[in-house]
Structure formats: C-alpha cells, structure tokens
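Text of data-v6.cif, listed as mmCIF, N, CA and C atoms:
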```cif
data_query
#
loop_
_atom_site.label_atom_id
_atom_site.label_comp_id
_atom_site.auth_asym_id
_atom_site.auth_seq_id
_atom_site.Cartn_x
_atom_site.Cartn_y
_atom_site.Cartn_z
N MET D 1 14.63 4.99 -26.20
CA MET D 1 14.11 3.65 -26.45
C MET D 1 14.22 3.36 -27.93
N SER D 2 14.92 2.29 -28.27
CA SER D 2 15.06 1.92 -29.67
C SER D 2 14.23 0.68 -29.95
N LEU D 3 13.60 0.68 -31.08
CA LEU D 3 12.78 -0.46 -31.47
C LEU D 3 13.66 -1.51 -32.13
N GLY D 4 13.44 -2.74 -31.82
CA GLY D 4 14.17 -3.82 -32.46
C GLY D 4 15.53 -4.10 -31.87
N GLY D 5 15.97 -3.31 -30.93
CA GLY D 5 17.27 -3.53 -30.32
C GLY D 5 17.20 -4.57 -29.22
N PRO D 6 18.33 -5.00 -28.73
CA PRO D 6 18.32 -5.98 -27.65
C PRO D 6 17.73 -5.40 -26.37
N ARG D 7 16.96 -6.22 -25.68
CA ARG D 7 16.36 -5.77 -24.44
C ARG D 7 17.34 -6.00 -23.30
N GLN D 8 17.40 -5.03 -22.43
CA GLN D 8 18.24 -5.18 -21.26
C GLN D 8 17.34 -5.11 -20.03
N SER D 9 17.42 -6.13 -19.23
CA SER D 9 16.61 -6.19 -18.03
C SER D 9 17.25 -5.37 -16.93
N LYS D 10 16.43 -4.65 -16.19
CA LYS D 10 16.95 -3.88 -15.06
C LYS D 10 17.17 -4.79 -13.86
N ASN D 11 16.49 -5.94 -13.84
CA ASN D 11 16.63 -6.91 -12.77
C ASN D 11 17.28 -8.17 -13.34
N PRO D 12 18.60 -8.31 -13.18
CA PRO D 12 19.23 -9.51 -13.73
C PRO D 12 18.74 -10.76 -13.01
N THR D 13 18.60 -11.84 -13.76
CA THR D 13 18.14 -13.09 -13.16
C THR D 13 19.31 -13.81 -12.50
N ALA D 14 19.01 -14.54 -11.47
CA ALA D 14 20.03 -15.30 -10.76
C ALA D 14 19.79 -16.79 -11.03
N PRO D 15 20.85 -17.57 -11.07
CA PRO D 15 20.67 -19.01 -11.28
C PRO D 15 19.98 -19.63 -10.07
N PRO D 16 19.35 -20.79 -10.24
CA PRO D 16 18.71 -21.46 -9.11
C PRO D 16 19.72 -21.74 -8.00
N GLU D 17 19.24 -21.77 -6.76
CA GLU D 17 20.11 -21.95 -5.62
C GLU D 17 20.85 -23.28 -5.66
N ARG D 18 20.20 -24.33 -6.10
CA ARG D 18 20.81 -25.66 -6.13
C ARG D 18 21.21 -26.09 -7.53
N GLY D 19 21.27 -25.17 -8.47
CA GLY D 19 21.68 -25.52 -9.82
C GLY D 19 20.56 -26.17 -10.61
N SER D 20 20.89 -26.65 -11.78
CA SER D 20 19.89 -27.29 -12.62
C SER D 20 20.00 -28.81 -12.46
N PHE D 21 18.95 -29.50 -12.82
CA PHE D 21 18.96 -30.95 -12.75
C PHE D 21 18.16 -31.48 -13.92
N PRO D 22 18.47 -32.69 -14.38
CA PRO D 22 17.81 -33.23 -15.56
C PRO D 22 16.33 -33.53 -15.35
N LEU D 23 15.58 -33.41 -16.42
CA LEU D 23 14.17 -33.79 -16.39
C LEU D 23 14.07 -35.30 -16.40
N ASP D 24 12.96 -35.80 -15.96
CA ASP D 24 12.73 -37.24 -15.86
C ASP D 24 12.13 -37.75 -17.18
N HIS D 25 12.94 -37.76 -18.24
CA HIS D 25 12.44 -38.16 -19.57
C HIS D 25 12.00 -39.62 -19.60
N ALA D 26 12.65 -40.47 -18.82
CA ALA D 26 12.32 -41.90 -18.81
C ALA D 26 11.11 -42.21 -17.94
N GLY D 27 10.66 -41.25 -17.17
CA GLY D 27 9.49 -41.46 -16.32
C GLY D 27 9.77 -42.30 -15.09
N ASP D 28 11.03 -42.34 -14.65
CA ASP D 28 11.41 -43.15 -13.49
C ASP D 28 10.63 -42.77 -12.23
N CYS D 29 10.35 -41.50 -12.07
CA CYS D 29 9.68 -41.02 -10.85
C CYS D 29 8.30 -40.44 -11.14
N ARG D 30 7.74 -40.81 -12.27
CA ARG D 30 6.43 -40.26 -12.68
C ARG D 30 5.34 -40.59 -11.67
N ASP D 31 5.30 -41.85 -11.20
CA ASP D 31 4.25 -42.24 -10.25
C ASP D 31 4.34 -41.44 -8.96
N ALA D 32 5.54 -41.29 -8.44
CA ALA D 32 5.73 -40.52 -7.20
C ALA D 32 5.32 -39.07 -7.40
N ALA D 33 5.66 -38.51 -8.54
CA ALA D 33 5.30 -37.12 -8.82
C ALA D 33 3.79 -36.95 -8.94
N GLN D 34 3.15 -37.88 -9.63
CA GLN D 34 1.69 -37.78 -9.80
C GLN D 34 0.95 -37.96 -8.48
N GLU D 35 1.44 -38.85 -7.63
CA GLU D 35 0.81 -39.02 -6.31
C GLU D 35 0.94 -37.75 -5.49
N TYR D 36 2.12 -37.14 -5.52
CA TYR D 36 2.33 -35.90 -4.77
C TYR D 36 1.43 -34.78 -5.30
N LEU D 37 1.39 -34.61 -6.61
CA LEU D 37 0.56 -33.55 -7.19
C LEU D 37 -0.92 -33.77 -6.92
N ALA D 38 -1.37 -35.02 -6.96
CA ALA D 38 -2.76 -35.33 -6.64
C ALA D 38 -3.07 -34.99 -5.18
N CYS D 39 -2.13 -35.26 -4.30
CA CYS D 39 -2.30 -34.95 -2.88
C CYS D 39 -2.41 -33.44 -2.67
N VAL D 40 -1.53 -32.68 -3.31
CA VAL D 40 -1.56 -31.23 -3.18
C VAL D 40 -2.88 -30.68 -3.72
N LYS D 41 -3.33 -31.24 -4.82
CA LYS D 41 -4.61 -30.80 -5.40
C LYS D 41 -5.76 -31.13 -4.45
N GLN D 42 -5.74 -32.33 -3.89
CA GLN D 42 -6.79 -32.75 -2.97
C GLN D 42 -6.83 -31.85 -1.73
N HIS D 43 -5.68 -31.38 -1.28
CA HIS D 43 -5.60 -30.54 -0.09
C HIS D 43 -5.56 -29.05 -0.45
N ARG D 44 -5.98 -28.74 -1.67
CA ARG D 44 -6.10 -27.35 -2.15
C ARG D 44 -4.84 -26.53 -1.94
N GLY D 45 -3.72 -27.09 -2.35
CA GLY D 45 -2.45 -26.37 -2.33
C GLY D 45 -1.71 -26.39 -1.01
N GLN D 46 -2.30 -26.97 0.00
CA GLN D 46 -1.63 -27.07 1.31
C GLN D 46 -0.82 -28.36 1.33
N ASN D 47 0.48 -28.24 1.22
CA ASN D 47 1.31 -29.44 1.05
C ASN D 47 1.75 -30.09 2.35
N ASN D 48 1.37 -29.56 3.51
CA ASN D 48 1.80 -30.16 4.78
C ASN D 48 1.37 -31.62 4.89
N SER D 49 0.20 -31.95 4.39
CA SER D 49 -0.29 -33.32 4.46
C SER D 49 0.40 -34.23 3.44
N CYS D 50 1.17 -33.64 2.56
CA CYS D 50 1.78 -34.39 1.46
C CYS D 50 3.30 -34.50 1.59
N ARG D 51 3.83 -34.16 2.74
CA ARG D 51 5.29 -34.15 2.91
C ARG D 51 5.92 -35.52 2.70
N ALA D 52 5.26 -36.57 3.14
CA ALA D 52 5.82 -37.92 2.96
C ALA D 52 5.93 -38.25 1.47
N LEU D 53 4.93 -37.82 0.69
CA LEU D 53 4.98 -38.06 -0.76
C LEU D 53 6.06 -37.22 -1.43
N ALA D 54 6.23 -35.99 -0.97
CA ALA D 54 7.28 -35.13 -1.51
C ALA D 54 8.65 -35.75 -1.23
N LYS D 55 8.80 -36.26 -0.02
CA LYS D 55 10.06 -36.89 0.36
C LYS D 55 10.32 -38.13 -0.50
N ARG D 56 9.28 -38.92 -0.74
CA ARG D 56 9.41 -40.11 -1.59
C ARG D 56 9.82 -39.72 -3.01
N PHE D 57 9.23 -38.63 -3.53
CA PHE D 57 9.57 -38.16 -4.87
C PHE D 57 11.03 -37.72 -4.93
N LEU D 58 11.46 -36.95 -3.94
CA LEU D 58 12.86 -36.49 -3.93
C LEU D 58 13.82 -37.67 -3.80
N GLN D 59 13.46 -38.66 -2.97
CA GLN D 59 14.30 -39.84 -2.82
C GLN D 59 14.41 -40.59 -4.15
N CYS D 60 13.31 -40.70 -4.87
CA CYS D 60 13.30 -41.34 -6.18
C CYS D 60 14.25 -40.62 -7.13
N ARG D 61 14.17 -39.29 -7.15
CA ARG D 61 15.05 -38.51 -8.02
C ARG D 61 16.51 -38.74 -7.67
N MET D 62 16.82 -38.79 -6.38
CA MET D 62 18.20 -39.03 -5.96
C MET D 62 18.64 -40.45 -6.36
N ASP D 63 17.76 -41.42 -6.16
CA ASP D 63 18.09 -42.82 -6.48
C ASP D 63 18.34 -43.04 -7.97
N HIS D 64 17.69 -42.26 -8.82
CA HIS D 64 17.82 -42.42 -10.27
C HIS D 64 18.78 -41.40 -10.90
N GLY D 65 19.53 -40.70 -10.07
CA GLY D 65 20.54 -39.77 -10.58
C GLY D 65 19.95 -38.52 -11.23
N LEU D 66 18.73 -38.17 -10.85
CA LEU D 66 18.08 -36.99 -11.42
C LEU D 66 18.33 -35.74 -10.58
N MET D 67 18.93 -35.92 -9.43
CA MET D 67 19.40 -34.81 -8.62
C MET D 67 20.49 -35.35 -7.70
N MET D 68 21.33 -34.45 -7.21
CA MET D 68 22.41 -34.86 -6.32
C MET D 68 21.83 -35.39 -5.02
N LYS D 69 22.47 -36.41 -4.48
CA LYS D 69 22.05 -36.91 -3.17
C LYS D 69 22.37 -35.83 -2.15
N ASP D 70 21.43 -35.64 -1.24
CA ASP D 70 21.59 -34.63 -0.21
C ASP D 70 20.80 -35.07 1.01
N SER D 71 21.12 -34.51 2.12
CA SER D 71 20.40 -34.79 3.35
C SER D 71 19.00 -34.19 3.25
N PHE D 72 18.01 -34.92 3.73
CA PHE D 72 16.65 -34.36 3.72
C PHE D 72 16.56 -33.15 4.63
N HIS D 73 17.43 -33.07 5.61
CA HIS D 73 17.48 -31.89 6.47
C HIS D 73 17.79 -30.65 5.62
N ASN D 74 18.70 -30.79 4.67
CA ASN D 74 19.04 -29.67 3.78
C ASN D 74 17.92 -29.36 2.79
N LEU D 75 17.01 -30.29 2.60
CA LEU D 75 15.91 -30.10 1.66
C LEU D 75 14.62 -29.66 2.35
N GLY D 76 14.72 -29.33 3.64
CA GLY D 76 13.57 -28.78 4.34
C GLY D 76 12.78 -29.78 5.16
N PHE D 77 13.29 -30.97 5.33
CA PHE D 77 12.61 -31.99 6.13
C PHE D 77 13.31 -32.11 7.48
N CYS D 78 13.34 -31.03 8.23
CA CYS D 78 14.12 -30.95 9.46
C CYS D 78 13.58 -31.81 10.58
N GLY D 79 12.27 -31.86 10.79
CA GLY D 79 11.71 -32.57 11.92
C GLY D 79 11.32 -33.99 11.62
N ASP D 80 11.58 -34.47 10.42
CA ASP D 80 11.13 -35.81 10.02
C ASP D 80 12.13 -36.85 10.45
N GLN D 81 11.64 -38.06 10.70
CA GLN D 81 12.52 -39.17 10.99
C GLN D 81 13.20 -39.63 9.72
N ALA D 82 14.30 -40.29 9.86
CA ALA D 82 15.10 -40.79 8.72
C ALA D 82 15.38 -39.65 7.76
N SER D 83 15.93 -38.55 8.31
CA SER D 83 16.11 -37.35 7.50
C SER D 83 17.37 -37.36 6.67
N ASP D 84 18.11 -38.44 6.65
CA ASP D 84 19.34 -38.48 5.86
C ASP D 84 19.16 -39.37 4.66
N ALA D 85 19.54 -38.86 3.49
CA ALA D 85 19.44 -39.62 2.25
C ALA D 85 20.76 -40.28 1.90
N GLY D 86 21.70 -40.27 2.83
CA GLY D 86 22.99 -40.86 2.55
C GLY D 86 23.95 -39.86 1.95
N GLY D 87 23.50 -38.65 1.72
CA GLY D 87 24.36 -37.61 1.18
C GLY D 87 24.95 -36.80 2.30
N SER D 88 25.65 -35.74 1.93
CA SER D 88 26.29 -34.92 2.95
C SER D 88 25.33 -33.95 3.56
#
```
Would you write out, as structure tokens, the structure that this file holds?
Amino acid sequence: MSLGGPRQSKNPTAPPERGSFPLDHAGDCRDAAQEYLACVKQHRGQNNSCRALAKRFLQCRMDHGLMMKDSFHNLGFCGDQASDAGGS
C-alpha cells in the first residue's frame, strides 16, 4: 500500500443503463418533479400511489428534450393506459 498514489477500485463502475441526460437548469419540469417528490414523501417512500405523477414528470422531460423519447412500457409503466410516448 503506497500513500499518495492513485487509488484503484477493485469494483469498476459501470455507466448508467440508459446513459446520461441533461439536468433541468431552466426548470421546465420543476413543478412536475416537486409534485412527484411531495407525493412520495406523503406516502412515506411508497411510490405506487405516485405513478401518474412520475409518468407526467418523465413525459415533461421527453417533451423538453431532457431525455430521449421512449415508450412508457420501456420505462416500467407496463400496465398503464396510453403507455406510448411516441418513441420506439
């Protein structure tokens, strides 16, 4: 073990499954995000009651170019109606 040398991790990190996406610096989806987070807090971390808000937030991000458009089915909304966001 050398002091001051570069650290080498035994567990290399992997990139995110869906890549990176820009932060919402302009606040385009701030309201949707805050409503979703308030819902999760109100339900003590159980997000099942907040799925419609999560879907609205993701749709906002897609509409403002903050993430790639994708099918809601691919984003985990398999049993929901209107599960397509117009993406593949």
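In this structure, atom N of D:Val40 sits 16.9 Å away from atom N of D:Cys60.
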In terms of only C-alpha atoms, the residue from D:Lys10, D:Phe21, D:Arg30, D:Cys39 at minimal distance from D:Met67 is D:Phe21
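Interatomic distance, atom N of D:Ala54 to atom C of D:Leu66: 15.5 Å.
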### Message
With the PyMOL selection byres ((chain D and resi 31-33) around 8) as the selection, what would be picked from this file? Answer as a list in words, please.
### Response
Gly27, Asp28, Cys29, Arg30, Gln34, Glu35, Tyr36, Leu37, Ala38, Cys39, Leu53, Ala54, Arg56, Phe57, Leu58 and Cys60 of chain D
Atom pair atom CA of D:Arg51 + atom CA of D:Phe77, distance 8.3 Å
N, CA, C and O atoms are what I want for stretch 32-44 of chain D; can you complete it accordingly and write them as a compact mmCIF listing (two decimals), in the coordinates of the input?
```txt
# COMPACT_ATOMS: atom_id res chain seq x y z
N ALA D 32 5.54 -41.29 -8.44
CA ALA D 32 5.73 -40.52 -7.20
C ALA D 32 5.32 -39.07 -7.40
O ALA D 32 4.67 -38.47 -6.53
N ALA D 33 5.66 -38.51 -8.54
CA ALA D 33 5.30 -37.12 -8.82
C ALA D 33 3.79 -36.95 -8.94
O ALA D 33 3.22 -36.01 -8.40
N GLN D 34 3.15 -37.88 -9.63
CA GLN D 34 1.69 -37.78 -9.80
C GLN D 34 0.95 -37.96 -8.48
O GLN D 34 -0.04 -37.27 -8.24
N GLU D 35 1.44 -38.85 -7.63
CA GLU D 35 0.81 -39.02 -6.31
C GLU D 35 0.94 -37.75 -5.49
O GLU D 35 -0.01 -37.32 -4.83
N TYR D 36 2.12 -37.14 -5.52
CA TYR D 36 2.33 -35.90 -4.77
C TYR D 36 1.43 -34.78 -5.30
O TYR D 36 0.76 -34.10 -4.52
N LEU D 37 1.39 -34.61 -6.61
CA LEU D 37 0.56 -33.55 -7.19
C LEU D 37 -0.92 -33.77 -6.92
O LEU D 37 -1.67 -32.82 -6.65
N ALA D 38 -1.37 -35.02 -6.96
CA ALA D 38 -2.76 -35.33 -6.64
C ALA D 38 -3.07 -34.99 -5.18
O ALA D 38 -4.14 -34.45 -4.86
N CYS D 39 -2.13 -35.26 -4.30
CA CYS D 39 -2.30 -34.95 -2.88
C CYS D 39 -2.41 -33.44 -2.67
O CYS D 39 -3.29 -32.96 -1.95
N VAL D 40 -1.53 -32.68 -3.31
CA VAL D 40 -1.56 -31.23 -3.18
C VAL D 40 -2.88 -30.68 -3.72
O VAL D 40 -3.50 -29.80 -3.12
N LYS D 41 -3.33 -31.24 -4.82
CA LYS D 41 -4.61 -30.80 -5.40
C LYS D 41 -5.76 -31.13 -4.45
O LYS D 41 -6.65 -30.30 -4.23
N GLN D 42 -5.74 -32.33 -3.89
CA GLN D 42 -6.79 -32.75 -2.97
C GLN D 42 -6.83 -31.85 -1.73
O GLN D 42 -7.90 -31.57 -1.20
N HIS D 43 -5.68 -31.38 -1.28
CA HIS D 43 -5.60 -30.54 -0.09
C HIS D 43 -5.56 -29.05 -0.45
O HIS D 43 -5.14 -28.23 0.37
N ARG D 44 -5.98 -28.74 -1.67
CA ARG D 44 -6.10 -27.35 -2.15
C ARG D 44 -4.84 -26.53 -1.94
O ARG D 44 -4.88 -25.42 -1.40
```
